[in-house]
Structure formats: structure tokens, C-alpha cells
file upload.pdb (PDB, C-alpha atoms)
ATOM      1  CA  MET A   1       0.000   0.000   0.000  1.00  0.00           C
ATOM      2  CA  ASP A   2       1.457   3.388  -0.864  1.00  0.00           C
ATOM      3  CA  ILE A   3       2.102   5.969   1.823  1.00  0.00           C
ATOM      4  CA  GLN A   4      -0.692   8.296   0.699  1.00  0.00           C
ATOM      5  CA  GLU A   5      -3.227   5.458   1.010  1.00  0.00           C
ATOM      6  CA  THR A   6      -1.772   4.490   4.411  1.00  0.00           C
ATOM      7  CA  ILE A   7      -2.215   8.064   5.651  1.00  0.00           C
ATOM      8  CA  ARG A   8      -5.742   8.271   4.235  1.00  0.00           C
ATOM      9  CA  GLN A   9      -6.678   5.140   6.181  1.00  0.00           C
ATOM     10  CA  GLN A  10      -5.049   6.440   9.378  1.00  0.00           C
ATOM     11  CA  VAL A  11      -6.866   9.762   9.324  1.00  0.00           C
ATOM     12  CA  THR A  12     -10.240   8.355   8.324  1.00  0.00           C
ATOM     13  CA  SER A  13     -10.325   5.393  10.718  1.00  0.00           C
ATOM     14  CA  ASN A  14      -9.317   7.421  13.799  1.00  0.00           C
ATOM     15  CA  HIS A  15     -11.221  10.333  15.299  1.00  0.00           C
ATOM     16  CA  ILE A  16      -8.105  12.380  16.069  1.00  0.00           C
ATOM     17  CA  VAL A  17      -4.624  11.860  14.613  1.00  0.00           C
ATOM     18  CA  LEU A  18      -1.518  13.908  15.382  1.00  0.00           C
ATOM     19  CA  TYR A  19       1.556  13.565  13.177  1.00  0.00           C
ATOM     20  CA  MET A  20       4.418  14.779  15.329  1.00  0.00           C
ATOM     21  CA  LYS A  21       8.111  14.547  16.094  1.00  0.00           C
ATOM     22  CA  GLY A  22       8.609  12.160  18.984  1.00  0.00           C
ATOM     23  CA  THR A  23       5.828  10.805  21.168  1.00  0.00           C
ATOM     24  CA  PRO A  24       3.258  12.515  23.429  1.00  0.00           C
ATOM     25  CA  GLN A  25       5.409  11.412  26.400  1.00  0.00           C
ATOM     26  CA  PHE A  26       8.668  12.542  24.776  1.00  0.00           C
ATOM     27  CA  PRO A  27       8.086  15.172  22.073  1.00  0.00           C
ATOM     28  CA  GLN A  28      11.246  15.937  20.091  1.00  0.00           C
ATOM     29  CA  CYS A  29      10.259  19.455  19.051  1.00  0.00           C
ATOM     30  CA  GLY A  30       8.694  22.433  20.824  1.00  0.00           C
ATOM     31  CA  PHE A  31       5.904  22.758  18.258  1.00  0.00           C
ATOM     32  CA  SER A  32       4.940  19.095  18.625  1.00  0.00           C
ATOM     33  CA  ALA A  33       5.057  19.499  22.407  1.00  0.00           C
ATOM     34  CA  ASN A  34       2.675  22.468  22.103  1.00  0.00           C
ATOM     35  CA  ALA A  35       0.245  20.433  19.988  1.00  0.00           C
ATOM     36  CA  VAL A  36       0.189  17.612  22.557  1.00  0.00           C
ATOM     37  CA  ARG A  37      -0.238  20.075  25.420  1.00  0.00           C
ATOM     38  CA  ILE A  38      -3.290  21.619  23.735  1.00  0.00           C
ATOM     39  CA  LEU A  39      -4.921  18.225  23.193  1.00  0.00           C
ATOM     40  CA  HIS A  40      -4.240  17.215  26.791  1.00  0.00           C
ATOM     41  CA  THR A  41      -5.621  20.540  28.059  1.00  0.00           C
ATOM     42  CA  LEU A  42      -8.822  19.811  26.139  1.00  0.00           C
ATOM     43  CA  GLY A  43      -8.991  16.437  27.889  1.00  0.00           C
ATOM     44  CA  VAL A  44      -8.089  14.507  24.738  1.00  0.00           C
ATOM     45  CA  ARG A  45      -5.979  11.503  25.769  1.00  0.00           C
ATOM     46  CA  ASP A  46      -7.267   9.035  23.268  1.00  0.00           C
ATOM     47  CA  PHE A  47      -5.714  10.024  19.969  1.00  0.00           C
ATOM     48  CA  LEU A  48      -3.469   8.325  17.466  1.00  0.00           C
ATOM     49  CA  SER A  49      -0.018   9.879  17.441  1.00  0.00           C
ATOM     50  CA  MET A  50       2.399   9.080  14.654  1.00  0.00           C
ATOM     51  CA  ASP A  51       6.099   9.790  15.139  1.00  0.00           C
ATOM     52  CA  VAL A  52       7.429  10.958  11.770  1.00  0.00           C
ATOM     53  CA  LEU A  53      11.031  10.742  12.987  1.00  0.00           C
ATOM     54  CA  ARG A  54      10.691   6.963  12.943  1.00  0.00           C
ATOM     55  CA  ASP A  55       9.663   6.851   9.295  1.00  0.00           C
ATOM     56  CA  PRO A  56      11.229   9.088   6.603  1.00  0.00           C
ATOM     57  CA  GLU A  57       8.590   8.005   4.086  1.00  0.00           C
ATOM     58  CA  LEU A  58       5.790   9.115   6.420  1.00  0.00           C
ATOM     59  CA  ARG A  59       7.644  12.343   7.217  1.00  0.00           C
ATOM     60  CA  GLN A  60       7.635  13.354   3.539  1.00  0.00           C
ATOM     61  CA  GLY A  61       4.304  11.661   2.778  1.00  0.00           C
ATOM     62  CA  ILE A  62       2.350  13.667   5.329  1.00  0.00           C
ATOM     63  CA  LYS A  63       3.700  16.937   3.898  1.00  0.00           C
ATOM     64  CA  ASP A  64       2.447  15.892   0.462  1.00  0.00           C
ATOM     65  CA  TYR A  65      -0.871  14.569   1.773  1.00  0.00           C
ATOM     66  CA  ALA A  66      -2.090  17.916   3.134  1.00  0.00           C
ATOM     67  CA  ASN A  67       0.149  20.048   0.925  1.00  0.00           C
ATOM     68  CA  TRP A  68       1.470  21.473   4.196  1.00  0.00           C
ATOM     69  CA  PRO A  69       5.245  21.769   4.669  1.00  0.00           C
ATOM     70  CA  THR A  70       5.571  21.504   8.442  1.00  0.00           C
ATOM     71  CA  ILE A  71       5.006  19.126  11.342  1.00  0.00           C
ATOM     72  CA  PRO A  72       3.022  18.724  13.628  1.00  0.00           C
ATOM     73  CA  GLN A  73      -0.209  18.218  11.697  1.00  0.00           C
ATOM     74  CA  LEU A  74      -3.566  17.579  13.328  1.00  0.00           C
ATOM     75  CA  TYR A  75      -6.425  15.684  11.672  1.00  0.00           C
ATOM     76  CA  ILE A  76      -9.950  15.454  13.073  1.00  0.00           C
ATOM     77  CA  HIS A  77     -12.631  13.276  11.440  1.00  0.00           C
ATOM     78  CA  GLY A  78     -10.269  12.770   8.512  1.00  0.00           C
ATOM     79  CA  GLU A  79      -9.902  16.503   7.875  1.00  0.00           C
ATOM     80  CA  PHE A  80      -6.619  18.401   8.066  1.00  0.00           C
ATOM     81  CA  VAL A  81      -6.969  21.059  10.784  1.00  0.00           C
ATOM     82  CA  GLY A  82      -3.556  22.711  10.880  1.00  0.00           C
ATOM     83  CA  GLY A  83      -0.221  22.910  12.621  1.00  0.00           C
ATOM     84  CA  SER A  84       0.907  24.234  15.982  1.00  0.00           C
ATOM     85  CA  ASP A  85       0.052  27.933  15.362  1.00  0.00           C
ATOM     86  CA  ILE A  86      -3.419  27.147  14.074  1.00  0.00           C
ATOM     87  CA  MET A  87      -4.098  24.765  16.943  1.00  0.00           C
ATOM     88  CA  SER A  88      -3.121  27.544  19.379  1.00  0.00           C
ATOM     89  CA  GLU A  89      -5.433  30.050  17.676  1.00  0.00           C
ATOM     90  CA  MET A  90      -8.334  27.604  17.504  1.00  0.00           C
ATOM     91  CA  PHE A  91      -7.767  26.543  21.099  1.00  0.00           C
ATOM     92  CA  GLN A  92      -7.949  30.141  22.302  1.00  0.00           C
ATOM     93  CA  SER A  93     -11.071  30.904  20.261  1.00  0.00           C
ATOM     94  CA  GLY A  94     -12.830  27.730  21.470  1.00  0.00           C
ATOM     95  CA  GLU A  95     -13.139  26.427  17.905  1.00  0.00           C
ATOM     96  CA  LEU A  96     -10.902  23.450  18.538  1.00  0.00           C
ATOM     97  CA  ARG A  97     -13.014  22.210  21.443  1.00  0.00           C
ATOM     98  CA  GLN A  98     -16.128  22.453  19.253  1.00  0.00           C
ATOM     99  CA  LEU A  99     -14.461  20.573  16.414  1.00  0.00           C
ATOM    100  CA  ILE A 100     -13.311  17.784  18.716  1.00  0.00           C
ATOM    101  CA  ASN A 101     -16.677  17.402  20.413  1.00  0.00           C
ATOM    102  CA  ARG A 102     -18.688  17.544  17.226  1.00  0.00           C
TER     103      ARG A 102
ATOM    104  CA  MET B 103      21.672  37.038   0.047  1.00  0.00           C
ATOM    105  CA  SER B 104      20.771  36.355   3.647  1.00  0.00           C
ATOM    106  CA  ARG B 105      17.860  34.101   4.519  1.00  0.00           C
ATOM    107  CA  MET B 106      16.010  37.000   6.070  1.00  0.00           C
ATOM    108  CA  THR B 107      16.304  39.000   2.846  1.00  0.00           C
ATOM    109  CA  ALA B 108      15.262  36.001   0.761  1.00  0.00           C
ATOM    110  CA  ILE B 109      12.168  35.467   2.918  1.00  0.00           C
ATOM    111  CA  ARG B 110      11.219  39.145   2.758  1.00  0.00           C
ATOM    112  CA  GLU B 111      11.621  39.238  -1.018  1.00  0.00           C
ATOM    113  CA  ARG B 112       9.386  36.202  -1.582  1.00  0.00           C
ATOM    114  CA  LEU B 113       6.719  37.554   0.757  1.00  0.00           C
ATOM    115  CA  ALA B 114       6.573  40.779  -1.263  1.00  0.00           C
ATOM    116  CA  ASP B 115       4.264  38.804  -3.590  1.00  0.00           C
ATOM    117  CA  LEU B 116       1.571  39.068  -0.906  1.00  0.00           C
ATOM    118  CA  GLU B 117       1.866  42.870  -0.938  1.00  0.00           C
ATOM    119  CA  PRO B 118       2.227  43.185   2.833  1.00  0.00           C
ATOM    120  CA  ILE B 119       1.581  46.552   4.429  1.00  0.00           C
ATOM    121  CA  GLU B 120       3.453  45.317   7.491  1.00  0.00           C
ATOM    122  CA  LEU B 121       6.039  42.567   7.786  1.00  0.00           C
ATOM    123  CA  GLN B 122       7.937  41.695  10.962  1.00  0.00           C
ATOM    124  CA  LEU B 123      10.413  38.856  10.711  1.00  0.00           C
ATOM    125  CA  LEU B 124      12.432  37.584  13.650  1.00  0.00           C
ATOM    126  CA  ASP B 125      15.221  35.026  13.482  1.00  0.00           C
ATOM    127  CA  ASP B 126      14.760  32.706  16.460  1.00  0.00           C
ATOM    128  CA  SER B 127      17.428  30.269  15.308  1.00  0.00           C
ATOM    129  CA  ALA B 128      19.785  30.971  18.199  1.00  0.00           C
ATOM    130  CA  ALA B 129      17.127  29.864  20.685  1.00  0.00           C
ATOM    131  CA  HIS B 130      16.959  26.472  18.969  1.00  0.00           C
ATOM    132  CA  ALA B 131      20.672  25.882  18.348  1.00  0.00           C
ATOM    133  CA  GLY B 132      21.615  22.289  18.993  1.00  0.00           C
ATOM    134  CA  HIS B 133      18.248  20.633  18.531  1.00  0.00           C
ATOM    135  CA  ALA B 134      17.827  18.125  15.714  1.00  0.00           C
ATOM    136  CA  GLY B 135      16.151  20.423  13.194  1.00  0.00           C
ATOM    137  CA  ALA B 136      18.650  23.201  13.761  1.00  0.00           C
ATOM    138  CA  ARG B 137      21.574  20.862  13.148  1.00  0.00           C
ATOM    139  CA  SER B 138      20.329  20.193   9.605  1.00  0.00           C
ATOM    140  CA  GLY B 139      20.864  23.890   8.886  1.00  0.00           C
ATOM    141  CA  GLY B 140      17.280  25.169   8.700  1.00  0.00           C
ATOM    142  CA  GLY B 141      16.441  28.329  10.627  1.00  0.00           C
ATOM    143  CA  HIS B 142      13.633  29.086  13.059  1.00  0.00           C
ATOM    144  CA  PHE B 143      11.700  32.224  12.193  1.00  0.00           C
ATOM    145  CA  ARG B 144       8.772  34.164  13.565  1.00  0.00           C
ATOM    146  CA  LEU B 145       6.651  36.110  11.087  1.00  0.00           C
ATOM    147  CA  ARG B 146       3.945  38.723  11.495  1.00  0.00           C
ATOM    148  CA  ILE B 147       2.461  39.760   8.189  1.00  0.00           C
ATOM    149  CA  VAL B 148      -0.420  42.127   7.489  1.00  0.00           C
ATOM    150  CA  SER B 149      -1.960  42.113   4.023  1.00  0.00           C
ATOM    151  CA  ALA B 150      -5.315  42.825   2.415  1.00  0.00           C
ATOM    152  CA  ALA B 151      -4.773  39.596   0.471  1.00  0.00           C
ATOM    153  CA  PHE B 152      -5.820  37.627   3.585  1.00  0.00           C
ATOM    154  CA  ALA B 153      -9.319  39.108   3.668  1.00  0.00           C
ATOM    155  CA  GLY B 154     -12.076  36.501   3.603  1.00  0.00           C
ATOM    156  CA  LYS B 155      -9.641  33.617   4.084  1.00  0.00           C
ATOM    157  CA  HIS B 156      -9.390  31.158   6.954  1.00  0.00           C
ATOM    158  CA  THR B 157      -6.140  30.767   8.858  1.00  0.00           C
ATOM    159  CA  VAL B 158      -5.197  27.555   7.045  1.00  0.00           C
ATOM    160  CA  ALA B 159      -5.622  29.290   3.695  1.00  0.00           C
ATOM    161  CA  ARG B 160      -3.560  32.276   4.881  1.00  0.00           C
ATOM    162  CA  HIS B 161      -0.716  30.047   6.052  1.00  0.00           C
ATOM    163  CA  ARG B 162      -0.834  28.188   2.734  1.00  0.00           C
ATOM    164  CA  MET B 163      -0.455  31.526   0.918  1.00  0.00           C
ATOM    165  CA  VAL B 164       2.646  32.285   2.993  1.00  0.00           C
ATOM    166  CA  TYR B 165       4.120  28.814   2.414  1.00  0.00           C
ATOM    167  CA  SER B 166       3.343  29.054  -1.266  1.00  0.00           C
ATOM    168  CA  ALA B 167       5.080  32.434  -1.571  1.00  0.00           C
ATOM    169  CA  LEU B 168       8.147  31.035   0.203  1.00  0.00           C
ATOM    170  CA  GLN B 169       8.309  28.076  -2.209  1.00  0.00           C
ATOM    171  CA  ASN B 170      11.507  26.059  -1.889  1.00  0.00           C
ATOM    172  CA  LEU B 171      12.756  28.025   1.133  1.00  0.00           C
ATOM    173  CA  MET B 172      10.437  25.808   3.190  1.00  0.00           C
ATOM    174  CA  THR B 173      12.355  22.660   2.276  1.00  0.00           C
ATOM    175  CA  GLY B 174      15.810  23.769   3.360  1.00  0.00           C
ATOM    176  CA  ASP B 175      16.444  27.279   4.621  1.00  0.00           C
ATOM    177  CA  ILE B 176      13.438  27.329   6.918  1.00  0.00           C
ATOM    178  CA  HIS B 177      13.046  24.593   9.477  1.00  0.00           C
ATOM    179  CA  ALA B 178      10.266  26.240  11.441  1.00  0.00           C
ATOM    180  CA  LEU B 179       8.106  29.274  10.882  1.00  0.00           C
ATOM    181  CA  THR B 180       5.612  30.705  13.360  1.00  0.00           C
ATOM    182  CA  ILE B 181       3.052  32.681  11.376  1.00  0.00           C
ATOM    183  CA  THR B 182       0.638  35.420  12.374  1.00  0.00           C
ATOM    184  CA  ALA B 183      -1.223  36.500   9.234  1.00  0.00           C
ATOM    185  CA  LEU B 184      -3.712  39.356   9.584  1.00  0.00           C
ATOM    186  CA  THR B 185      -5.781  41.650   7.419  1.00  0.00           C
ATOM    187  CA  PRO B 186      -5.276  45.406   7.955  1.00  0.00           C
ATOM    188  CA  GLU B 187      -8.659  45.566   9.753  1.00  0.00           C
ATOM    189  CA  GLU B 188      -7.736  42.734  12.137  1.00  0.00           C
ATOM    190  CA  SER B 189      -4.351  44.279  12.820  1.00  0.00           C
ATOM    191  CA  ASN B 190      -5.958  47.621  13.695  1.00  0.00           C
ATOM    192  CA  SER B 191      -8.440  46.001  16.043  1.00  0.00           C
ATOM    193  CA  LEU B 192      -5.729  44.332  18.139  1.00  0.00           C
TER     194      LEU B 192
END
call {"tool": "encode", "arguments": {"input": "upload.pdb", "output": "C-alpha cells"}}
result
Amino acid sequence: MDIQETIRQQVTSNHIVLYMKGTPQFPQCGFSANAVRILHTLGVRDFLSMDVLRDPELRQGIKDYANWPTIPQLYIHGEFVGGSDIMSEMFQSGELRQLINR
Amino acid sequence: MSRMTAIRERLADLEPIELQLLDDSAAHAGHAGARSGGGHFRLRIVSAAFAGKHTVARHRMVYSALQNLMTGDIHALTITALTPEESNSL
């Protein structure tokens, strides 16, 4: 299965998916750490996290999938939401909580 | 040409009325992404071109203007993209 199809299945078969550097316990980048912190603050513990540092093909593939050049990337209900800055903005405005609880 | 100049020149395509660019690279020296040579930057850009567009679309416009800088020269970019009206209301 090609990487784009693998990603499509990951994001559509899981409610919330975070592509990040490192793991939620040990993020390897401040932006990924911020993304995890926001999800945890919203009470979201049950999400699929994918460590792109473990898989170069995934690391490039996810950039192509959303046509978005940076990591982390958050997906909810199969839809690309954004990266760390956008998560921060949407967290502050309350939009992210609505999207997650929808 | 410095990276900062290169970034500013590419962003001119968005016809910004305000553009603040900070090089945060020193704060990230030594971490994995910094070792590969890419810089950490913080951008505040105000342009009428962002009117009527969601944040994701605005960030895509910035990334698109930066083109290949995103794959090497820039490791991380924190973006605040506002319309002139939004900037005035802050």
C-alpha cells in the first residue's frame, strides 16, 4: 500500500490523529510538544499519534498529503486542521473544542 | 543574500503593508532540526490579500510564496497572518 493510502486510512479510521516529532510522552520538538499540550488541556488523551522521525517516508508523505510543509499536523474526522500555530489560535477561540466534540 | 532577505523578497508577492520577521534560530541551536541547517523564524504579516480567508488558507499563501525556502532554509516558521482591519483592532 502506498504511503498516501496508508495516511488516508489512518486519518479516516481514527477520530483524532496527530503527526508529530517524537511521542506525546517525549516530544522531540517544541511545536509538537505544544500540539500535545493543547490536546491534553482539552482532555483529549485518546488520539493516534504518529512519530514521523521513525519513518522518513511518512515524514515526507504527510507533507504531500495535506500540501502542508511543516510538522506537527492535526487531523480530526479525517480533515486536516492545521499545525501548531493554528491549533493555538483555535484553542484560544474555542473552535478546537467544538471541532473535537462535534 | 541572507535568509532573512530572501524570505522578505518572496513575501513581497503578498503585498504586505506590514512585515515583521524575527530570526529565532539561536534559541533552537543544537536541537535536531537546527543541526540540519534550517532556521527558526517568527513572522507577522499584514496584508489585504488575507481578507475573507481562513487561517489555514492564509498560512498556505505564505508557504506558497516562500516556495523552496520551506524545504531547506526554513526549518520552522511561526506565522501570524492578519488583514489590515484585524491588525488595527488588536
call {"tool": "atom_distance", "arguments": {"input": "upload.pdb", "atom1": "CA of Met50 in chain A", "atom2": "CA of Ile16 in chain A"}}
result
11.1 Å
call {"tool": "closest_atom_pairs", "arguments": {"input": "upload.pdb", "of": "chain A", "to": "chain B", "cutoff": "10 Å", "atoms": "all atoms listed in the file", "output": "JSON lines"}}
result
{"residue": "A:Gln28", "atom": "CA", "partner": "B:Ala134", "partner_atom": "CA", "distance": 8.2}
{"residue": "A:Cys29", "atom": "CA", "partner": "B:His133", "partner_atom": "CA", "distance": 8.1}
{"residue": "A:Gly30", "atom": "CA", "partner": "B:His130", "partner_atom": "CA", "distance": 9.4}
{"residue": "A:Phe31", "atom": "CA", "partner": "B:Ala178", "partner_atom": "CA", "distance": 8.8}
{"residue": "A:Asn67", "atom": "CA", "partner": "B:Arg162", "partner_atom": "CA", "distance": 8.4}
{"residue": "A:Trp68", "atom": "CA", "partner": "B:Arg162", "partner_atom": "CA", "distance": 7.2}
{"residue": "A:Pro69", "atom": "CA", "partner": "B:Met172", "partner_atom": "CA", "distance": 6.7}
{"residue": "A:Thr70", "atom": "CA", "partner": "B:Ala178", "partner_atom": "CA", "distance": 7.3}
{"residue": "A:Ile71", "atom": "CA", "partner": "B:Ala178", "partner_atom": "CA", "distance": 8.8}
{"residue": "A:Phe80", "atom": "CA", "partner": "B:Val158", "partner_atom": "CA", "distance": 9.3}
{"residue": "A:Val81", "atom": "CA", "partner": "B:Val158", "partner_atom": "CA", "distance": 7.7}
{"residue": "A:Gly82", "atom": "CA", "partner": "B:Val158", "partner_atom": "CA", "distance": 6.4}
{"residue": "A:Gly83", "atom": "CA", "partner": "B:Val158", "partner_atom": "CA", "distance": 8.8}
{"residue": "A:Ser84", "atom": "CA", "partner": "B:Thr180", "partner_atom": "CA", "distance": 8.4}
{"residue": "A:Asp85", "atom": "CA", "partner": "B:Thr180", "partner_atom": "CA", "distance": 6.5}
{"residue": "A:Ile86", "atom": "CA", "partner": "B:Thr157", "partner_atom": "CA", "distance": 6.9}
{"residue": "A:Glu89", "atom": "CA", "partner": "B:Thr157", "partner_atom": "CA", "distance": 8.9}
{"residue": "A:Met90", "atom": "CA", "partner": "B:Thr157", "partner_atom": "CA", "distance": 9.5}
call {"tool": "residues_around", "arguments": {"input": "upload.pdb", "residues": "Arg110 in chain B", "least_positions_apart": "5", "cutoff": "9 Å", "atoms": "all atoms listed in the file", "output": "ChimeraX atom specification"}}
result
/B:105,121,123
call {"tool": "write_last_selection", "arguments": {"input": "upload.pdb", "atoms": "C-alpha atoms", "output": "mmCIF file, in the coordinates of the input"}}
result
data_model
loop_
_atom_site.group_PDB
_atom_site.id
_atom_site.type_symbol
_atom_site.label_atom_id
_atom_site.label_comp_id
_atom_site.auth_asym_id
_atom_site.auth_seq_id
_atom_site.Cartn_x
_atom_site.Cartn_y
_atom_site.Cartn_z
ATOM 1 C CA ARG B 105 17.860 34.101 4.519
ATOM 2 C CA LEU B 121 6.039 42.567 7.786
ATOM 3 C CA LEU B 123 10.413 38.856 10.711
#
call {"tool": "atom_distance", "arguments": {"input": "upload.pdb", "atom1": "CA of Arg59 in chain A", "atom2": "CA of Asp2 in chain A"}}
result
13.6 Å
call {"tool": "resolve_selection", "arguments": {"input": "upload.pdb", "expression": "the PyMOL selection byres ((chain B and resi 125) around 7)", "output": "JSON, numbers by chain"}}
result
{"B": [123, 124, 126, 127, 142, 143, 144]}
call {"tool": "resolve_selection", "arguments": {"input": "upload.pdb", "expression": "the PyMOL selection byres ((chain A and resi 7-9) around 10)", "output": "list in words"}}
result
Asp2, Ile3, Gln4, Glu5, Thr6, Gln10, Val11, Thr12, Ser13, Asn14, Leu58, Gly61, Ile62, Tyr65, Gly78 and Glu79 of chain A
call {"tool": "closest_residue", "arguments": {"input": "upload.pdb", "among": "A:Ile100, A:Leu18, A:Asp46, A:Glu95", "to": "Ala33 in chain A", "atoms": "all atoms listed in the file"}}
result
A:Leu18
call {"tool": "atom_distance", "arguments": {"input": "upload.pdb", "atom1": "CA of Val148 in chain B", "atom2": "CA of Ala35 in chain A"}}
result
25.0 Å
call {"tool": "closest_residue", "arguments": {"input": "upload.pdb", "among": "A:Val17, A:Asn34, A:Pro27, A:Ile76", "to": "Asn101 in chain A", "atoms": "all atoms listed in the file"}}
result
A:Ile76
call {"tool": "resolve_selection", "arguments": {"input": "upload.pdb", "expression": "the PyMOL selection byres ((chain A and resi 24) around 8)", "output": "PyMOL selection string"}}
result
chain A and resi 22-23+25-27+33+36+49
call {"tool": "build_atoms", "arguments": {"input": "upload.pdb", "residues": "range 150-159 of chain B", "atoms": "all heavy atoms", "output": "CSV table (one decimal), in the frame of the given file"}}
result
chain,number,residue,atom,x,y,z
B,150,ALA,N,-3.9,42.9,2.8
B,150,ALA,CA,-5.3,42.8,2.4
B,150,ALA,C,-5.6,41.5,1.7
B,150,ALA,O,-6.8,41.1,1.6
B,150,ALA,CB,-5.6,44.0,1.5
B,151,ALA,N,-4.6,40.8,1.2
B,151,ALA,CA,-4.8,39.6,0.5
B,151,ALA,C,-5.4,38.5,1.4
B,151,ALA,O,-5.9,37.5,0.8
B,151,ALA,CB,-3.4,39.1,-0.1
B,152,PHE,N,-5.3,38.7,2.7
B,152,PHE,CA,-5.8,37.6,3.6
B,152,PHE,C,-7.3,37.8,3.9
B,152,PHE,O,-7.9,36.9,4.5
B,152,PHE,CB,-5.1,37.7,4.9
B,152,PHE,CG,-3.6,37.4,4.8
B,152,PHE,CD1,-2.7,38.2,5.5
B,152,PHE,CD2,-3.2,36.3,4.1
B,152,PHE,CE1,-1.3,37.9,5.4
B,152,PHE,CE2,-1.8,36.0,4.0
B,152,PHE,CZ,-0.9,36.8,4.6
B,153,ALA,N,-7.9,38.9,3.4
B,153,ALA,CA,-9.3,39.1,3.7
B,153,ALA,C,-10.2,38.0,3.2
B,153,ALA,O,-10.0,37.5,2.0
B,153,ALA,CB,-9.7,40.4,3.0
B,154,GLY,N,-11.1,37.5,4.0
B,154,GLY,CA,-12.1,36.5,3.6
B,154,GLY,C,-11.5,35.1,3.6
B,154,GLY,O,-12.1,34.2,3.1
B,155,LYS,N,-10.3,34.9,4.1
B,155,LYS,CA,-9.6,33.6,4.1
B,155,LYS,C,-9.4,33.1,5.5
B,155,LYS,O,-9.1,33.8,6.4
B,155,LYS,CB,-8.3,33.7,3.4
B,155,LYS,CG,-8.4,34.1,1.9
B,155,LYS,CD,-7.3,33.7,1.1
B,155,LYS,CE,-7.6,33.6,-0.4
B,155,LYS,NZ,-7.9,35.0,-0.9
B,156,HIS,N,-9.6,31.8,5.7
B,156,HIS,CA,-9.4,31.2,7.0
B,156,HIS,C,-7.9,31.1,7.2
B,156,HIS,O,-7.1,31.2,6.3
B,156,HIS,CB,-10.0,29.7,7.0
B,156,HIS,CG,-11.4,29.7,7.0
B,156,HIS,ND1,-12.2,30.2,8.1
B,156,HIS,CD2,-12.4,29.3,6.1
B,156,HIS,CE1,-13.4,30.0,7.9
B,156,HIS,NE2,-13.6,29.5,6.6
B,157,THR,N,-7.6,30.8,8.5
B,157,THR,CA,-6.1,30.8,8.9
B,157,THR,C,-5.3,29.8,8.0
B,157,THR,O,-4.2,30.0,7.6
B,157,THR,CB,-6.0,30.4,10.4
B,157,THR,OG1,-6.9,31.3,11.1
B,157,THR,CG2,-4.6,30.7,10.8
B,158,VAL,N,-5.9,28.6,7.8
B,158,VAL,CA,-5.2,27.6,7.0
B,158,VAL,C,-4.9,28.1,5.7
B,158,VAL,O,-3.7,27.9,5.2
B,158,VAL,CB,-6.0,26.2,6.9
B,158,VAL,CG1,-5.4,25.3,5.9
B,158,VAL,CG2,-6.1,25.6,8.3
B,159,ALA,N,-5.8,28.7,5.0
B,159,ALA,CA,-5.6,29.3,3.7
B,159,ALA,C,-4.5,30.4,3.7
B,159,ALA,O,-3.7,30.5,2.8
B,159,ALA,CB,-6.9,29.8,3.1
